[in-house]
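Chemist: Structure file start39.csv (CSV, C-alpha atoms) is given on the next line.
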chain,number,residue,atom,x,y,z
A,3,MET,CA,-14.8,86.3,6.5
A,4,SER,CA,-11.1,86.3,7.4
A,5,GLU,CA,-9.1,83.1,6.8
A,6,PRO,CA,-8.2,80.9,9.9
A,7,ILE,CA,-4.5,81.9,9.9
A,8,VAL,CA,-2.5,80.8,12.9
A,9,SER,CA,1.1,81.6,13.9
A,10,SER,CA,3.7,80.5,16.4
A,11,SER,CA,7.3,81.2,17.3
A,12,TRP,CA,10.2,79.5,19.1
A,13,GLN,CA,14.0,79.4,19.2
A,14,ALA,CA,16.1,77.2,17.0
A,15,LEU,CA,19.4,77.5,15.1
A,16,GLY,CA,20.4,80.3,17.3
A,17,THR,CA,17.5,82.5,16.1
A,18,THR,CA,13.8,83.1,16.3
A,19,VAL,CA,11.6,80.8,14.2
A,20,GLY,CA,8.3,82.1,13.0
A,21,LEU,CA,5.6,79.9,11.4
A,22,VAL,CA,2.4,81.1,9.8
A,23,VAL,CA,-0.1,78.6,8.5
A,24,ARG,CA,-3.3,79.3,6.6
A,25,ASP,CA,-5.3,76.4,8.0
A,26,ALA,CA,-5.3,76.5,11.8
A,27,ARG,CA,-6.1,72.8,11.9
A,28,SER,CA,-2.9,71.9,10.2
A,29,HIS,CA,-0.6,74.0,12.4
A,30,ASP,CA,0.6,71.3,14.7
A,31,ALA,CA,1.6,69.0,11.9
A,32,ALA,CA,3.3,71.8,10.0
A,33,ARG,CA,5.2,72.9,13.1
A,34,ARG,CA,6.5,69.3,13.6
A,35,ALA,CA,7.6,69.3,10.0
A,36,VAL,CA,9.5,72.5,10.5
A,37,GLU,CA,11.1,71.4,13.7
A,38,ASP,CA,12.3,68.1,12.1
A,39,GLU,CA,13.8,70.0,9.2
A,40,LEU,CA,15.6,72.5,11.4
A,41,ALA,CA,17.0,69.7,13.5
A,42,ALA,CA,18.3,67.9,10.4
A,43,ILE,CA,20.0,71.1,9.2
A,44,ASP,CA,21.5,71.8,12.6
A,45,ALA,CA,23.0,68.3,12.8
A,46,ALA,CA,24.4,68.6,9.3
A,47,CYS,CA,25.6,72.2,9.1
A,48,SER,CA,26.3,73.6,12.5
A,49,ARG,CA,29.8,75.0,13.1
A,50,PHE,CA,29.2,75.1,16.8
A,51,ARG,CA,28.3,71.4,17.4
A,52,ALA,CA,31.2,69.0,17.9
A,53,ASP,CA,28.9,66.2,16.7
A,54,SER,CA,27.8,67.9,13.5
A,55,GLU,CA,28.7,66.6,10.0
A,56,LEU,CA,30.3,70.0,9.2
A,57,ALA,CA,32.5,69.7,12.3
A,58,ALA,CA,33.7,66.3,11.0
A,59,VAL,CA,34.6,67.7,7.6
A,60,ASN,CA,36.5,70.6,9.2
A,61,ALA,CA,38.4,68.2,11.5
A,62,ALA,CA,39.3,65.7,8.7
A,63,ALA,CA,42.7,67.3,7.9
A,64,GLY,CA,42.3,66.9,4.2
A,65,ARG,CA,40.7,63.4,4.1
A,66,PRO,CA,37.4,62.8,2.3
A,67,VAL,CA,34.4,62.5,4.5
A,68,ARG,CA,31.1,60.8,3.6
A,69,VAL,CA,28.2,63.1,4.3
A,70,SER,CA,24.4,63.0,4.3
A,71,PRO,CA,22.3,64.3,1.4
A,72,VAL,CA,21.4,67.2,3.6
A,73,LEU,CA,25.0,68.4,4.0
A,74,MET,CA,25.7,67.6,0.4
A,75,GLU,CA,22.8,69.9,-0.7
A,76,ALA,CA,23.9,72.6,1.7
A,77,LEU,CA,27.5,72.5,0.4
A,78,ALA,CA,26.3,72.6,-3.2
A,79,VAL,CA,24.2,75.6,-2.4
A,80,ALA,CA,27.2,77.3,-0.8
A,81,LEU,CA,29.3,76.6,-3.9
A,82,ARG,CA,26.7,78.0,-6.2
A,83,ALA,CA,26.5,81.1,-4.0
A,84,ALA,CA,30.2,81.6,-4.4
A,85,ALA,CA,30.1,81.0,-8.1
A,86,ILE,CA,27.3,83.5,-8.9
A,87,THR,CA,28.7,86.2,-6.6
A,88,SER,CA,32.3,85.9,-7.9
A,89,GLY,CA,33.4,84.7,-4.5
A,90,ARG,CA,31.8,87.4,-2.5
A,91,VAL,CA,29.8,84.8,-0.6
A,92,ASP,CA,32.3,82.1,0.2
A,93,PRO,CA,32.0,79.1,2.6
A,94,THR,CA,35.7,78.9,3.3
A,95,VAL,CA,35.6,81.9,5.7
A,96,GLY,CA,35.3,79.7,8.8
A,97,ARG,CA,38.8,80.3,10.0
A,98,ALA,CA,38.5,84.1,9.4
A,99,LEU,CA,35.3,84.2,11.5
A,100,GLU,CA,37.0,82.3,14.3
A,101,LEU,CA,40.0,84.7,14.4
A,102,ALA,CA,37.6,87.6,14.3
A,103,GLY,CA,36.1,86.3,17.6
A,104,TYR,CA,33.0,84.4,16.2
A,105,ASP,CA,34.3,81.0,17.4
A,106,ARG,CA,31.3,79.8,19.5
A,107,ASP,CA,27.5,80.1,19.5
A,108,PHE,CA,26.7,83.8,19.1
A,109,ALA,CA,24.9,84.1,22.5
A,110,ARG,CA,28.4,83.5,24.1
A,111,VAL,CA,30.3,85.7,21.6
A,112,ARG,CA,28.0,88.6,22.3
A,113,ASP,CA,28.7,88.5,26.0
A,114,SER,CA,32.4,88.3,25.6
A,115,ARG,CA,35.1,90.9,24.8
A,116,VAL,CA,37.5,90.1,22.0
A,117,ARG,CA,40.7,91.9,22.5
A,118,ARG,CA,41.5,92.4,18.8
A,119,ILE,CA,40.5,91.2,15.4
A,120,ARG,CA,43.0,88.9,13.7
A,121,VAL,CA,42.7,88.4,9.9
A,122,ALA,CA,43.1,85.1,8.1
A,123,PRO,CA,43.4,84.6,4.3
A,124,VAL,CA,40.4,82.9,2.8
A,125,ALA,CA,41.3,79.8,0.8
A,126,GLY,CA,38.5,80.3,-1.7
A,127,TRP,CA,35.6,78.1,-2.6
A,128,ARG,CA,37.3,76.3,-5.4
A,129,VAL,CA,39.4,74.2,-2.9
A,130,ILE,CA,36.2,72.3,-1.9
A,131,GLU,CA,35.9,68.9,-3.6
A,132,LEU,CA,32.4,67.4,-3.7
A,133,ASP,CA,32.0,63.9,-5.0
A,134,ARG,CA,28.3,63.3,-5.5
A,135,ASP,CA,28.7,59.7,-6.8
A,136,ARG,CA,30.5,58.7,-3.6
A,137,GLY,CA,28.7,61.2,-1.3
A,138,THR,CA,31.9,62.6,0.0
A,139,VAL,CA,33.5,66.1,0.6
A,140,ARG,CA,37.1,67.0,1.0
A,141,VAL,CA,38.7,70.3,2.0
A,142,PRO,CA,42.4,70.9,2.4
A,143,ALA,CA,43.9,70.7,5.9
A,144,GLY,CA,43.6,74.0,7.7
A,145,VAL,CA,40.5,75.1,5.8
A,146,ARG,CA,37.4,75.5,7.9
A,147,LEU,CA,34.0,75.8,6.3
A,148,ASP,CA,31.2,78.0,7.6
A,149,LEU,CA,27.7,77.7,6.0
A,150,GLY,CA,26.1,80.6,7.9
A,151,ALA,CA,25.7,82.7,4.8
A,152,THR,CA,23.4,80.1,3.1
A,153,ALA,CA,22.4,77.2,5.4
A,154,LYS,CA,19.7,79.2,7.3
A,155,ALA,CA,18.1,80.3,4.1
A,156,LEU,CA,18.2,76.8,2.8
A,157,ALA,CA,16.6,75.6,6.0
A,158,ALA,CA,13.8,78.1,5.6
A,159,ASP,CA,13.1,76.9,2.0
A,160,ARG,CA,13.2,73.2,3.0
A,161,ALA,CA,11.1,73.7,6.1
A,162,ALA,CA,8.4,75.7,4.2
A,163,GLU,CA,8.2,73.0,1.5
A,164,ARG,CA,8.0,70.3,4.1
A,165,ALA,CA,5.4,72.1,6.1
A,166,ALA,CA,3.3,72.7,3.0
A,167,ARG,CA,2.7,69.0,2.8
A,168,HIS,CA,0.4,69.4,5.8
A,169,ALA,CA,-1.1,72.8,5.1
A,170,PRO,CA,-2.5,74.7,2.1
A,171,GLY,CA,0.0,77.5,2.6
A,172,VAL,CA,2.8,78.4,5.0
A,173,LEU,CA,5.4,81.0,5.7
A,174,VAL,CA,8.6,80.2,7.6
A,175,ASN,CA,10.7,83.0,9.1
A,176,LEU,CA,14.2,82.1,10.4
A,177,GLY,CA,15.5,85.4,11.9
A,178,GLY,CA,14.8,87.4,8.8
A,179,ASP,CA,15.2,84.6,6.2
A,180,ILE,CA,11.6,84.2,5.0
A,181,ALA,CA,10.3,81.4,2.7
A,182,THR,CA,6.8,80.6,1.6
A,183,ALA,CA,5.2,77.5,0.1
A,184,GLY,CA,1.7,76.7,-1.1
A,185,ALA,CA,-1.0,79.3,-1.7
A,186,ALA,CA,-0.8,82.7,0.0
A,187,PRO,CA,-3.7,84.1,1.9
A,188,ARG,CA,-5.9,86.7,0.3
A,189,GLY,CA,-3.8,89.8,-0.2
A,190,GLY,CA,-0.5,88.0,0.3
A,191,TRP,CA,1.7,87.2,3.3
A,192,ALA,CA,2.4,90.0,5.7
A,193,VAL,CA,6.2,90.6,6.0
A,194,ARG,CA,8.1,93.3,7.8
A,195,VAL,CA,11.7,94.1,7.0
A,196,ALA,CA,13.9,96.0,9.6
A,197,ASP,CA,17.4,96.2,10.9
A,198,SER,CA,16.7,93.3,13.2
A,199,HIS,CA,14.1,90.5,13.3
A,200,ARG,CA,13.8,91.3,17.0
A,201,ALA,CA,12.8,94.9,16.3
A,202,GLU,CA,9.6,96.3,17.8
A,203,ALA,CA,6.7,97.1,15.6
A,204,ASP,CA,7.4,100.8,15.9
A,205,ALA,CA,11.1,100.5,15.0
A,206,PRO,CA,12.2,101.8,11.6
A,207,GLY,CA,11.3,99.3,8.8
A,208,GLN,CA,8.8,98.6,6.1
A,209,ASP,CA,5.7,96.4,5.9
A,210,LEU,CA,5.2,94.4,2.7
A,211,ARG,CA,2.8,91.8,1.2
A,212,ILE,CA,4.3,88.9,-0.8
A,213,ALA,CA,2.4,86.3,-2.8
A,214,SER,CA,5.2,83.7,-3.2
A,215,GLY,CA,9.0,83.2,-3.1
A,216,GLY,CA,11.3,84.4,-0.4
A,217,VAL,CA,12.7,87.5,1.3
A,218,SER,CA,16.0,87.8,3.1
A,219,THR,CA,17.5,90.5,5.2
A,220,SER,CA,21.2,90.6,5.9
A,221,SER,CA,22.4,93.1,8.5
A,222,THR,CA,25.5,94.1,10.3
A,223,THR,CA,23.5,95.4,13.3
A,224,VAL,CA,22.5,92.2,15.0
A,225,ARG,CA,25.4,89.7,15.1
A,226,ARG,CA,28.0,92.2,16.4
A,227,TRP,CA,30.5,91.9,19.2
A,228,ARG,CA,33.0,94.1,21.0
A,229,ARG,CA,36.6,94.2,20.2
A,230,GLY,CA,39.5,96.4,21.1
A,231,GLY,CA,38.8,99.9,19.9
A,232,GLY,CA,35.4,99.1,18.3
A,233,VAL,CA,33.0,96.3,17.2
A,234,ALA,CA,33.0,93.5,14.6
A,235,HIS,CA,30.2,91.8,12.7
A,236,HIS,CA,29.6,88.3,11.2
A,237,ILE,CA,29.7,89.1,7.4
A,238,VAL,CA,33.3,88.5,6.2
A,239,ASP,CA,34.7,90.0,3.0
A,240,PRO,CA,36.5,87.0,1.5
A,241,ARG,CA,38.8,89.4,-0.3
A,242,THR,CA,40.3,90.6,3.0
A,243,GLY,CA,39.4,87.9,5.5
A,244,ALA,CA,38.0,90.7,7.8
A,245,PRO,CA,34.5,91.8,8.6
A,246,ALA,CA,33.1,93.7,5.6
A,247,VAL,CA,33.4,97.4,5.6
A,248,GLU,CA,30.1,98.8,6.8
A,249,HIS,CA,28.5,100.8,4.0
A,250,TRP,CA,25.0,99.3,4.3
A,251,ARG,CA,23.7,98.4,7.7
A,252,THR,CA,20.8,96.3,6.3
A,253,VAL,CA,20.0,94.9,2.8
A,254,SER,CA,16.7,93.2,2.1
A,255,VAL,CA,16.1,91.3,-1.2
A,256,ALA,CA,13.1,89.5,-2.7
A,257,ALA,CA,13.6,86.5,-5.0
A,258,ALA,CA,12.1,83.3,-6.2
A,259,ASN,CA,13.2,81.5,-3.0
A,260,CYS,CA,14.9,82.4,0.2
A,261,VAL,CA,18.3,81.0,-0.8
A,262,ASP,CA,18.6,83.3,-3.8
A,263,ALA,CA,17.4,86.3,-1.7
A,264,ASN,CA,19.9,85.5,1.0
A,265,ILE,CA,22.8,85.1,-1.4
A,266,ALA,CA,22.1,88.5,-2.9
A,267,SER,CA,21.6,90.3,0.4
A,268,THR,CA,24.8,88.9,1.8
A,269,ALA,CA,26.8,89.7,-1.3
A,270,ALA,CA,25.4,93.3,-1.3
A,271,ILE,CA,26.8,93.9,2.2
A,272,VAL,CA,30.2,92.8,1.0
A,273,LEU,CA,29.9,94.8,-2.2
A,274,GLY,CA,29.2,98.1,-0.4
A,275,PRO,CA,28.6,101.1,-2.6
A,276,GLU,CA,28.4,98.9,-5.8
A,277,ALA,CA,25.6,96.8,-4.4
A,278,GLY,CA,22.6,98.8,-5.7
A,279,GLU,CA,23.8,98.7,-9.3
A,280,TRP,CA,24.7,95.0,-9.0
A,281,LEU,CA,21.2,94.1,-7.7
A,282,ALA,CA,19.5,96.3,-10.3
A,283,ASP,CA,21.4,94.6,-13.1
A,284,ALA,CA,20.3,91.2,-11.7
A,285,GLY,CA,16.7,92.4,-11.7
A,286,LEU,CA,16.3,91.7,-7.9
A,287,PRO,CA,14.0,94.0,-5.9
A,288,ALA,CA,15.9,95.2,-2.9
A,289,ARG,CA,15.9,97.8,-0.1
A,290,LEU,CA,19.3,99.0,1.1
A,291,VAL,CA,19.7,101.1,4.2
A,292,SER,CA,23.1,102.8,4.7
A,293,VAL,CA,24.9,103.2,8.0
A,294,ALA,CA,23.6,106.7,8.1
A,295,GLY,CA,20.0,105.6,7.5
A,296,ALA,CA,19.6,106.6,3.8
A,297,ILE,CA,17.3,104.2,1.9
A,298,GLU,CA,17.9,103.0,-1.7
A,299,THR,CA,15.7,100.6,-3.6
A,300,THR,CA,16.1,98.6,-6.8
A,301,ALA,CA,14.1,96.8,-9.4
A,302,GLY,CA,10.6,97.7,-8.4
A,303,TRP,CA,10.8,97.3,-4.6
A,304,PRO,CA,7.7,99.0,-3.3
A,305,PRO,CA,8.1,102.6,-2.1
A,306,GLU,CA,8.0,103.5,1.6
A,307,ARG,CA,4.5,104.4,2.7
A,308,ALA,CA,4.3,108.1,3.2
A,309,VAL,CA,4.0,109.1,6.9
A,310,ALA,CA,1.3,111.7,7.7
A,311,ALA,CA,2.7,114.9,9.1
Could you render the structure from this file as structure tokens?

Modeler:
Amino acid sequence: MSEPIVSSSWQALGTTVGLVVRDARSHDAARRAVEDELAAIDAACSRFRADSELAAVNAAAGRPVRVSPVLMEALAVALRAAAITSGRVDPTVGRALELAGYDRDFARVRDSRVRRIRVAPVAGWRVIELDRDRGTVRVPAGVRLDLGATAKALAADRAAERAARHAPGVLVNLGGDIATAGAAPRGGWAVRVADSHRAEADAPGQDLRIASGGVSTSSTTVRRWRRGGGVAHHIVDPRTGAPAVEHWRTVSVAAANCVDANIASTAAIVLGPEAGEWLADAGLPARLVSVAGAIETTAGWPPERAVAA
């Protein structure tokens, strides 16, 4: 007899939220838990809400700002991401993103035309001062933080853990950032990786089964916008202050949690041709798809299923 698994989806944080719950009776409580967690992350970490805590930090002109435990955790995660990737994933890219045209909610960026890309130097993550004892954060005047590289994955992990208080097992998918908590169903959680979380079932991609942990897909194919003479995307290379050179169009990584998977997949986009070796050295299973469509895998990522002729 199959397990009573139920799923639902809705929009939040500028993306599609997917929730899968093992016990259908616990779905409603689990969904409320996920919604509450996403609302808390949005209020703390959004770069596009004038009333968010992050907006207050960015507007403080170098003064310390007292922040909630949610934003403090999100900032600590962002700093850890920068440290373990040697600055390839850096939260001080906010100004660079704005100058590249990503200065408002993406639904509005996508429908606009940016005349040209302007490049801003990235201050670097070491300028951020966290005081955990006082609960404050300070960034120098002119530095603008963006937590887009890590906050959504953190939200997935936190939401899954919170929902699992109400259900024996849950999977949360935030636009390709996937976190699980509790016991997986028999055979594992069904996961599909593709260039876009909105891709149709017959679009190029791969179906997987995971027992625990998280999977994250970073892509240059979804959050793109037009500019004079071409297009730009949302993953900034902190070394240049410009959108990363496109070697990989999609990188998917599996790790112990969604945050670690997302840090690695984002860094891989920035690394370009060196990414496969870097991921292999880290022992992280990954699937990398080049701009031309060639697929490379690392560290035991399952092979593509053969297609019958």

Chemist: Dig up all the protein and nucleic acid residues within 9 Å of (6.4, 79.2, 12.6) in the file frame, using all atoms listed in the file, and format them as a short mmCIF file (atom, residue, chain, number, x, y, z; two decimals) with C-alpha atoms, keeping the file's coordinate frame.

Modeler:
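File part38.cif, as written:
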data_model
loop_
_atom_site.label_atom_id
_atom_site.label_comp_id
_atom_site.auth_asym_id
_atom_site.auth_seq_id
_atom_site.Cartn_x
_atom_site.Cartn_y
_atom_site.Cartn_z
CA SER A 9 1.10 81.60 13.90
CA SER A 10 3.70 80.50 16.40
CA SER A 11 7.30 81.20 17.30
CA TRP A 12 10.20 79.50 19.10
CA VAL A 19 11.60 80.80 14.20
CA GLY A 20 8.30 82.10 13.00
CA LEU A 21 5.60 79.90 11.40
CA VAL A 22 2.40 81.10 9.80
CA VAL A 23 -0.10 78.60 8.50
CA HIS A 29 -0.60 74.00 12.40
CA ALA A 32 3.30 71.80 10.00
CA ARG A 33 5.20 72.90 13.10
CA VAL A 36 9.50 72.50 10.50
CA VAL A 172 2.80 78.40 5.00
CA LEU A 173 5.40 81.00 5.70
CA VAL A 174 8.60 80.20 7.60
CA ASN A 175 10.70 83.00 9.10
CA LEU A 176 14.20 82.10 10.40
#

Chemist: Could you check which of A:Ala257, A:Asp179, A:Pro93, A:Ala282 is closest to Thr299 of chain A, using only C-alpha atoms?

Modeler: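 That would be A:Ala282, the residue with the smallest distance to Thr299 of chain A.
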
Chemist: With distances taken over all atoms listed in the file, which residue among A:Leu149, A:Ala78, A:Arg128, A:Val253 lies nearest Gly274 of chain A?

Modeler: A:Val253

Chemist: Can you work out which one of A:Met74, A:Ala270, A:Ala80, A:Ala41 has the shortest atom-to-atom distance to Gly16 of chain A, counting all atoms listed in the file?

Modeler: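 Using all atoms listed in the file, Gly16 of chain A sits closest to A:Ala41.
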
Chemist: For Ala186 of chain A, please output as a VMD selection string all residues within 8 Å (counting all atoms listed in the file; exclusion window: fewer than 5 positions along the same chain).

Modeler: chain A and resid 24 171 to 172 191 213 to 214

Chemist: Determine the nearest neighbour of Ser292 of chain A from the options A:Ala277, A:Leu40, A:Ala162, A:Ala125, counting all atoms listed in the file.

Modeler: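 Result for the nearest residue to Ser292 of chain A: A:Ala277.
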
Chemist: Please compute the atom CA of Ser220 of chain A-atom CA of Arg188 of chain A distance, one decimal, in Å.

Modeler: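 About the pair atom CA of Ser220 of chain A and atom CA of Arg188 of chain A: they are 27.9 Å apart.
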
Chemist: So, with only C-alpha atoms as the atoms that count, which of A:Val79, A:Ala151, A:Val145, A:Ala31 lies closest to Asn264 of chain A?

Modeler: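 Under the stated criterion, the closest residue is A:Ala151.
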
Chemist: With 12 Å as the threshold, what does the neighbourhood of (6.2, 98.8, -4.8) contain in terms of residues, counting all atoms listed in the file? Coordinates are those of the file; answer as a list in words.

Modeler: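 Protein, DNA and RNA residues close to (6.2, 98.8, -4.8): Gln208, Asp209, Leu210, Arg211, Ile212, Ala256, Pro287, Ala288, Arg289, Thr299, Thr300, Ala301, Gly302, Trp303, Pro304, Pro305, Glu306 and Arg307 of chain A.
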
Chemist: So which one's closest to Glu37 of chain A, A:Val59, A:Ala266, A:Val293, A:Ala165? Using all atoms listed in the file, please.

Modeler: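 Nearest candidate to Glu37 of chain A out of A:Val59, A:Ala266, A:Val293, A:Ala165: A:Ala165.
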
Chemist: Quick one: residues within 10 Å of Thr152 of chain A, all atoms listed in the file, excluding same-chain residues fewer than 3 positions away - as a PDB file with C-alpha atoms, in the frame of the given file?

Modeler:
ATOM      1  CA  ALA A  76      23.900  72.600   1.700  1.00  0.00           C
ATOM      2  CA  LEU A  77      27.500  72.500   0.400  1.00  0.00           C
ATOM      3  CA  VAL A  79      24.200  75.600  -2.400  1.00  0.00           C
ATOM      4  CA  ALA A  80      27.200  77.300  -0.800  1.00  0.00           C
ATOM      5  CA  LEU A  81      29.300  76.600  -3.900  1.00  0.00           C
ATOM      6  CA  ALA A  83      26.500  81.100  -4.000  1.00  0.00           C
ATOM      7  CA  VAL A  91      29.800  84.800  -0.600  1.00  0.00           C
ATOM      8  CA  ASP A  92      32.300  82.100   0.200  1.00  0.00           C
ATOM      9  CA  PRO A  93      32.000  79.100   2.600  1.00  0.00           C
ATOM     10  CA  ASP A 148      31.200  78.000   7.600  1.00  0.00           C
ATOM     11  CA  LEU A 149      27.700  77.700   6.000  1.00  0.00           C
ATOM     12  CA  ALA A 155      18.100  80.300   4.100  1.00  0.00           C
ATOM     13  CA  LEU A 156      18.200  76.800   2.800  1.00  0.00           C
ATOM     14  CA  ALA A 157      16.600  75.600   6.000  1.00  0.00           C
ATOM     15  CA  ASP A 179      15.200  84.600   6.200  1.00  0.00           C
ATOM     16  CA  CYS A 260      14.900  82.400   0.200  1.00  0.00           C
ATOM     17  CA  VAL A 261      18.300  81.000  -0.800  1.00  0.00           C
ATOM     18  CA  ASP A 262      18.600  83.300  -3.800  1.00  0.00           C
ATOM     19  CA  ALA A 263      17.400  86.300  -1.700  1.00  0.00           C
ATOM     20  CA  ASN A 264      19.900  85.500   1.000  1.00  0.00           C
ATOM     21  CA  ILE A 265      22.800  85.100  -1.400  1.00  0.00           C
ATOM     22  CA  THR A 268      24.800  88.900   1.800  1.00  0.00           C
TER      23      THR A 268
END

Chemist: Put the listed atoms of segment 281-289 of chain A in a box along x, y and z with 8 Å added on every side and give me the centre and edge lengths in Å to one decimal, as AutoDock Vina command-line options.

Modeler:
--center_x 17.7 --center_y 94.5 --center_z -6.6 --size_x 23.4 --size_y 22.6 --size_z 29.0

Chemist: Could you check how far atom CA of Ser267 of chain A sits from atom CA of Glu279 of chain A, in Å to one decimal?

Modeler: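 Atom CA of Glu279 of chain A lies at a distance of 13.0 Å from atom CA of Ser267 of chain A.
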
Chemist: Any chance you could build segment 70-88 of chain A out to N, CA and C atoms and write it as an mmCIF file, keeping the file's coordinate frame?

Modeler:
data_model
loop_
_atom_site.group_PDB
_atom_site.id
_atom_site.type_symbol
_atom_site.label_atom_id
_atom_site.label_comp_id
_atom_site.auth_asym_id
_atom_site.auth_seq_id
_atom_site.Cartn_x
_atom_site.Cartn_y
_atom_site.Cartn_z
ATOM 1 N N SER A 70 25.823 63.238 4.576
ATOM 2 C CA SER A 70 24.400 63.000 4.300
ATOM 3 C C SER A 70 23.963 63.794 3.071
ATOM 4 N N PRO A 71 22.839 63.431 2.471
ATOM 5 C CA PRO A 71 22.300 64.300 1.400
ATOM 6 C C PRO A 71 21.988 65.685 1.840
ATOM 7 N N VAL A 72 21.654 65.886 3.117
ATOM 8 C CA VAL A 72 21.400 67.200 3.600
ATOM 9 C C VAL A 72 22.605 68.112 3.528
ATOM 10 N N LEU A 73 23.729 67.618 4.054
ATOM 11 C CA LEU A 73 25.000 68.400 4.000
ATOM 12 C C LEU A 73 25.440 68.554 2.557
ATOM 13 N N MET A 74 25.307 67.523 1.765
ATOM 14 C CA MET A 74 25.700 67.600 0.400
ATOM 15 C C MET A 74 24.941 68.732 -0.341
ATOM 16 N N GLU A 75 23.635 68.807 -0.100
ATOM 17 C CA GLU A 75 22.800 69.900 -0.700
ATOM 18 C C GLU A 75 23.294 71.242 -0.187
ATOM 19 N N ALA A 76 23.521 71.345 1.130
ATOM 20 C CA ALA A 76 23.900 72.600 1.700
ATOM 21 C C ALA A 76 25.274 73.082 1.136
ATOM 22 N N LEU A 77 26.196 72.149 0.931
ATOM 23 C CA LEU A 77 27.500 72.500 0.400
ATOM 24 C C LEU A 77 27.339 72.902 -1.115
ATOM 25 N N ALA A 78 26.490 72.203 -1.839
ATOM 26 C CA ALA A 78 26.300 72.600 -3.200
ATOM 27 C C ALA A 78 25.654 73.955 -3.346
ATOM 28 N N VAL A 79 24.739 74.284 -2.452
ATOM 29 C CA VAL A 79 24.200 75.600 -2.400
ATOM 30 C C VAL A 79 25.232 76.667 -2.128
ATOM 31 N N ALA A 80 26.115 76.379 -1.171
ATOM 32 C CA ALA A 80 27.200 77.300 -0.800
ATOM 33 C C ALA A 80 28.131 77.538 -1.985
ATOM 34 N N LEU A 81 28.448 76.481 -2.713
ATOM 35 C CA LEU A 81 29.300 76.600 -3.900
ATOM 36 C C LEU A 81 28.663 77.411 -4.991
ATOM 37 N N ARG A 82 27.375 77.175 -5.185
ATOM 38 C CA ARG A 82 26.700 78.000 -6.200
ATOM 39 C C ARG A 82 26.647 79.440 -5.787
ATOM 40 N N ALA A 83 26.445 79.720 -4.502
ATOM 41 C CA ALA A 83 26.500 81.100 -4.000
ATOM 42 C C ALA A 83 27.789 81.763 -4.349
ATOM 43 N N ALA A 84 28.880 81.038 -4.101
ATOM 44 C CA ALA A 84 30.200 81.600 -4.400
ATOM 45 C C ALA A 84 30.393 81.845 -5.876
ATOM 46 N N ALA A 85 29.925 80.903 -6.686
ATOM 47 C CA ALA A 85 30.100 81.000 -8.100
ATOM 48 C C ALA A 85 29.357 82.229 -8.697
ATOM 49 N N ILE A 86 28.097 82.404 -8.307
ATOM 50 C CA ILE A 86 27.300 83.500 -8.900
ATOM 51 C C ILE A 86 27.583 84.838 -8.336
ATOM 52 N N THR A 87 28.315 84.898 -7.219
ATOM 53 C CA THR A 87 28.700 86.200 -6.600
ATOM 54 C C THR A 87 30.181 86.479 -6.827
ATOM 55 N N SER A 88 30.830 85.711 -7.688
ATOM 56 C CA SER A 88 32.300 85.900 -7.900
ATOM 57 C C SER A 88 33.063 85.806 -6.626
#
